[in-house]
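As structure tokens, the structure follows; a few thoughts come after it.
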Amino acid sequence: MSLKKLYLIPLLILFFIFTYYLIRNFSDNKIYIENTESSSSEIKLDDTKNFSPLVVEVIYEDLLLIKEGQTFGEILNNYEISNSVKSKILESLNSKVDLSKLNINTEIKITFTKENDLTEIKRISVLDKENNHIKVIKKDDNYIIETSSILSFTKHVLKEVTIKDSLYKSAIEANIPPNIIMQFVNLYAFDVDFQREIRNGNKIKIFYEVFLDRKHIVRQTGNIKFASLALRKDTYNLYRFTTDDNGKSEYFDSEGKSAVKALMKTPINGAVLSSGYGMRKHPILGYDRIHQGVDFAAPKGTPIMAAGTGFIEKIGMNGGAGNYIRIKHLNGYKTAYGHMSKFASGMKKGTKVTQGQTIGFVGSTGMSTGPHLHYEVIFNNKKINPMKMKLPSGRKLKGKILEDFEIYVADLNKEMQVN
Ligand SMILES: [Zn+2]
């Protein structure tokens, strides 16, 4: 049985201090990063001073639909958790909901952290047939149950904000919920340097969903449907649109081009993933160690591309990693490439590289048993699993789908005018 897992990729957040989980919705493309070092709840997105890397914990979410004949226990078997944790969760859930009677397609959201292959389930949400939201939340070593009121209404909110001092502060003052701000920042993470490019007077516009209970109190936030960031020169407009052919929701610019940039998962053509992220026996050292990167086997001389636009921060021999390049991208992201046979010409410290540009060639330098690329993605100085990054398709809408999109955009623009 294969579960359709929606892996959520690490979202970028800069300089911020944030301990509040923003997991109160059922939308499908968020990642929440919790700072484990501080308890203040202020986010600073464009503070140009006080740069200090934060320790972050990446939280994943799986959004699942119960399949015919599938039990809750079977779902939990897909996570590396102990039997005692599993029975604690089941026991807790069973106290509020009859797990054997859940309908097919009942929505389940599992929020978990993964560190060195150790999975910790933080929260499980079940939306039952009465639309009750049942949550099991990890508190200390136990799982406690919580039910919340029925959500009855969806509303769309339009906010236009002129930035003063800080994007985050200005947005908060305009009563935009923090998780909507995080979604917004995430959309532009690889395009805009939130530290340097945002200026006073720049404008943002966000159109997003909220869910209200029967008393019309906002209980959850949903997706951003339209986002616009107007900088001094450029304005970036993004529309969330679900394409009919594959049912996927993505952000497109007004021309129908998938417009959210990201890092490449595989910065090399025609390679075979030879070793994934996580614990493994090191081929040369022989003992188990965490492999904080992914290896792609490819013939010597295969070009290696920059996974994203940025500047070369480090280049040269780097111990076991052999000929090595590290690129600094925007907003706390870096990528590193090891074991190269040689560097592309013109590569040196400080060189600007663009996404897809050849930076070097596959080799076997350093501690390596054969030609391969060792690739790492680093966020705020912590290595993250590149294979788990959720990527935009890069597609350009055409034909009937483009027509549908244009109608959708026109309708949405009208809707925003009356809002
Ligand atoms: Zn490796």
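Chain labels run A, B, ... following the order of the structure tokens; each chain numbers its residues from 1, and ligands are numbered from 1 in the order shown.
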Throw together the list of residues within 10 Å of ligand 1, counting only C-alpha atoms and all ligand atoms, and drop it here as JSON, numbers by chain. {"A": [274, 275, 276, 277, 282, 283, 290, 291, 292, 293, 294, 295, 296, 297, 320, 321, 337, 338, 339, 367, 368, 372, 373, 374, 375, 376]}
Output file for the residues above (C-alpha atoms, as a PDB file, in the first residue's frame):
ATOM      1  CA  SER A 274      23.441   6.405  -5.173  1.00  0.00           C
ATOM      2  CA  SER A 275      23.127   7.264  -1.531  1.00  0.00           C
ATOM      3  CA  GLY A 276      20.381   9.105   0.242  1.00  0.00           C
ATOM      4  CA  TYR A 277      20.255  11.295   3.263  1.00  0.00           C
ATOM      5  CA  HIS A 282      30.487   4.997   5.159  1.00  0.00           C
ATOM      6  CA  PRO A 283      32.045   3.250   2.126  1.00  0.00           C
ATOM      7  CA  ILE A 290      25.043  10.236   9.272  1.00  0.00           C
ATOM      8  CA  HIS A 291      25.155  11.136   5.658  1.00  0.00           C
ATOM      9  CA  GLN A 292      24.114  14.770   5.597  1.00  0.00           C
ATOM     10  CA  GLY A 293      23.824  15.072   1.901  1.00  0.00           C
ATOM     11  CA  VAL A 294      22.942  13.004  -1.117  1.00  0.00           C
ATOM     12  CA  ASP A 295      25.249  11.288  -3.570  1.00  0.00           C
ATOM     13  CA  PHE A 296      24.635  11.117  -7.270  1.00  0.00           C
ATOM     14  CA  ALA A 297      26.679   8.615  -9.240  1.00  0.00           C
ATOM     15  CA  GLY A 320      37.348  14.276   2.483  1.00  0.00           C
ATOM     16  CA  ALA A 321      35.023  16.286   0.288  1.00  0.00           C
ATOM     17  CA  TYR A 337      29.188  20.178  -3.916  1.00  0.00           C
ATOM     18  CA  GLY A 338      32.005  17.707  -3.300  1.00  0.00           C
ATOM     19  CA  HIS A 339      34.451  15.295  -5.013  1.00  0.00           C
ATOM     20  CA  MET A 367      37.426  10.419   0.279  1.00  0.00           C
ATOM     21  CA  SER A 368      35.447   8.739  -2.458  1.00  0.00           C
ATOM     22  CA  HIS A 372      29.938  10.915  -7.858  1.00  0.00           C
ATOM     23  CA  LEU A 373      28.619  14.252  -6.722  1.00  0.00           C
ATOM     24  CA  HIS A 374      28.096  14.770  -3.023  1.00  0.00           C
ATOM     25  CA  TYR A 375      25.436  17.448  -2.686  1.00  0.00           C
ATOM     26  CA  GLU A 376      24.312  19.277   0.427  1.00  0.00           C
TER      27      GLU A 376
END
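Nearest to Gly256 of chain A of all the residues A:Leu102, A:Leu238, A:Leu273, A:Ile59 is A:Leu238, based on only C-alpha atoms.
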Contacts of segment 184-191 of chain A at 8 Å (only C-alpha atoms; same-chain gap of 4+ positions) as a count of residues only: 15
Using only C-alpha atoms, which of A:Thr221, A:Ser100, A:Ser87, A:Ser341 sits nearest Pro299 of chain A? A:Ser341
For Ser249 of chain A, work out the shell of residues within 9 Å, counting only C-alpha atoms and skipping chain neighbours fewer than 4 positions away, then give it as a ChimeraX atom specification. /A:28,240-243
Resulting file, chosen residues, C-alpha atoms, as a PDB file, in the first residue's frame:
ATOM      1  CA  ASP A  28      -0.861  21.856   1.852  1.00  0.00           C
ATOM      2  CA  ARG A 240      -2.281  30.223  -6.624  1.00  0.00           C
ATOM      3  CA  PHE A 241      -3.938  28.035  -9.205  1.00  0.00           C
ATOM      4  CA  THR A 242      -4.892  24.385  -9.343  1.00  0.00           C
ATOM      5  CA  THR A 243      -4.254  22.860 -12.734  1.00  0.00           C
TER       6      THR A 243
END
Restricting the calculation to only C-alpha atoms, which member of A:Gly366, A:Pro267, A:Pro303, A:Pro392 is positioned closest to Asn323 of chain A? A:Gly366
Which residue, A:Gly360, A:Gly332, A:Gly278, A:Gly350, has the smallest gap to Met387 of chain A when you use only C-alpha atoms?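 Checking each of A:Gly360, A:Gly332, A:Gly278, A:Gly350 against Met387 of chain A, counting only C-alpha atoms, the winner is A:Gly278.
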Out of segment 162-408 of chain A, which residues get helix (DSSP H, G or I) from DSSP, as a PyMOL selection string? chain A and resi 167-173+178-187+319-321+386-388+399-408
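Among A:Thr351, A:Thr302, A:Asn246, A:Ser125, the residue with the shortest atom-to-atom distance to Ile145 of chain A, counting only C-alpha atoms, is A:Ser125.
Near Tyr79 of chain A, within 8 Å and counting only C-alpha atoms, sit Ile75, Leu76 and Thr119 of chain A; same-chain residues fewer than 3 positions away were not included.
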From a DSSP calculation on the backbone, collect every residue of segment 132-319 of chain A in strand (DSSP E or B) and output the set as a PyMOL selection string. chain A and resi 133-139+142-148+151-162+164+166+203-213+218-230+235-242+249-252+257-258+268+272-275+278-281+288-291+294-297+303-305+310-317
Preceding selection exported with C-alpha atoms as a short mmCIF file (atom, residue, chain, number, x, y, z; two decimals), in the first residue's frame:
data_model
loop_
_atom_site.label_atom_id
_atom_site.label_comp_id
_atom_site.auth_asym_id
_atom_site.auth_seq_id
_atom_site.Cartn_x
_atom_site.Cartn_y
_atom_site.Cartn_z
CA HIS A 133 -11.28 18.79 14.22
CA ILE A 134 -9.71 16.23 16.55
CA LYS A 135 -6.12 16.75 17.48
CA VAL A 136 -3.61 14.66 19.36
CA ILE A 137 -0.76 16.79 20.57
CA LYS A 138 2.52 15.76 22.13
CA LYS A 139 2.95 17.24 25.60
CA ASN A 142 2.27 11.99 26.47
CA TYR A 143 -0.22 12.56 23.73
CA ILE A 144 -3.18 14.64 24.76
CA ILE A 145 -6.41 15.02 22.86
CA GLU A 146 -8.10 18.24 21.85
CA THR A 147 -11.21 18.91 19.82
CA SER A 148 -12.02 22.24 18.32
CA LEU A 151 -15.49 25.48 11.11
CA SER A 152 -18.43 26.73 9.16
CA PHE A 153 -17.34 29.57 6.96
CA THR A 154 -14.54 30.46 4.64
CA LYS A 155 -13.75 34.07 4.07
CA HIS A 156 -11.25 35.85 1.89
CA VAL A 157 -9.24 38.75 3.21
CA LEU A 158 -7.37 41.33 1.18
CA LYS A 159 -4.57 43.32 2.78
CA GLU A 160 -2.45 46.01 1.23
CA VAL A 161 0.45 47.19 3.28
CA THR A 162 3.16 49.76 2.75
CA LYS A 164 7.68 50.79 7.15
CA SER A 166 10.15 45.99 8.68
CA LYS A 203 4.26 47.51 -0.94
CA ILE A 204 2.81 44.10 -0.36
CA LYS A 205 -0.63 42.86 -1.20
CA ILE A 206 -1.99 39.54 0.05
CA PHE A 207 -5.32 37.87 -0.59
CA TYR A 208 -5.83 34.86 1.65
CA GLU A 209 -8.43 32.53 3.12
CA VAL A 210 -9.52 32.31 6.71
CA PHE A 211 -11.89 29.84 8.30
CA LEU A 212 -14.46 30.97 10.80
CA ASP A 213 -16.47 29.06 13.34
CA VAL A 218 -11.37 33.23 12.78
CA ARG A 219 -10.09 29.80 13.76
CA GLN A 220 -7.67 28.96 11.01
CA THR A 221 -5.89 30.50 8.11
CA GLY A 222 -5.74 28.86 4.72
CA ASN A 223 -3.74 29.54 1.60
CA ILE A 224 -2.58 32.75 0.05
CA LYS A 225 -4.56 33.04 -3.19
CA PHE A 226 -2.76 36.06 -4.52
CA ALA A 227 0.47 37.69 -3.43
CA SER A 228 2.17 40.76 -4.72
CA LEU A 229 5.47 42.29 -3.71
CA ALA A 230 6.25 45.67 -5.23
CA THR A 235 6.60 43.88 -8.93
CA TYR A 236 6.14 40.18 -8.39
CA ASN A 237 2.55 38.97 -8.70
CA LEU A 238 1.70 35.38 -7.88
CA TYR A 239 -1.59 33.54 -8.27
CA ARG A 240 -2.28 30.22 -6.62
CA PHE A 241 -3.94 28.03 -9.20
CA THR A 242 -4.89 24.39 -9.34
CA SER A 249 -1.84 23.82 -6.76
CA GLU A 250 1.02 26.10 -7.58
CA TYR A 251 1.84 29.76 -7.85
CA PHE A 252 1.96 31.28 -11.31
CA LYS A 257 4.40 30.68 -15.67
CA SER A 258 5.21 28.77 -12.50
CA ILE A 268 23.30 17.31 -12.34
CA VAL A 272 21.65 8.18 -10.39
CA LEU A 273 20.93 8.76 -6.73
CA SER A 274 23.44 6.40 -5.17
CA SER A 275 23.13 7.26 -1.53
CA GLY A 278 20.54 9.70 6.68
CA MET A 279 22.38 6.92 8.49
CA ARG A 280 24.55 4.63 6.41
CA LYS A 281 27.78 2.74 6.48
CA ASP A 288 27.94 4.08 10.36
CA ARG A 289 27.65 7.77 10.21
CA ILE A 290 25.04 10.24 9.27
CA HIS A 291 25.16 11.14 5.66
CA VAL A 294 22.94 13.00 -1.12
CA ASP A 295 25.25 11.29 -3.57
CA PHE A 296 24.63 11.12 -7.27
CA ALA A 297 26.68 8.62 -9.24
CA PRO A 303 28.80 18.90 -15.56
CA ILE A 304 27.53 19.97 -12.13
CA MET A 305 25.13 22.90 -12.01
CA GLY A 310 24.15 32.96 -5.50
CA PHE A 311 27.80 33.65 -4.78
CA ILE A 312 30.64 31.18 -4.35
CA GLU A 313 31.52 31.34 -0.70
CA LYS A 314 34.11 28.60 -0.59
CA ILE A 315 36.10 26.86 -3.30
CA GLY A 316 39.09 24.52 -3.18
CA MET A 317 40.27 21.24 -1.66
#
Compile the contact shell of Val126 of chain A as a PyMOL selection string: residues with an atom at most 10 Å away, counting only C-alpha atoms, same-chain residues fewer than 2 positions apart removed. chain A and resi 64-65+93+97+102+106-110+124+128-129+131-136+147
To one decimal in Å, tell me the separation between atom CA of Ala344 of chain A and atom CA of Thr358 of chain A. 6.5 Å
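In this model, the gap between atom CA of Gln195 of chain A and atom CA of Lys114 of chain A comes to 28.6 Å.
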So how many Å separate atom CA of Pro386 of chain A and atom CA of Phe112 of chain A, to one decimal?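 Taking atom CA of Pro386 of chain A and atom CA of Phe112 of chain A, their separation equals 17.4 Å.
Using only C-alpha atoms, the shortest contact distance between Gly201 of chain A and any of A:Ser170, A:Gln357, A:Gln70, A:Asn179 is found at A:Ser170.
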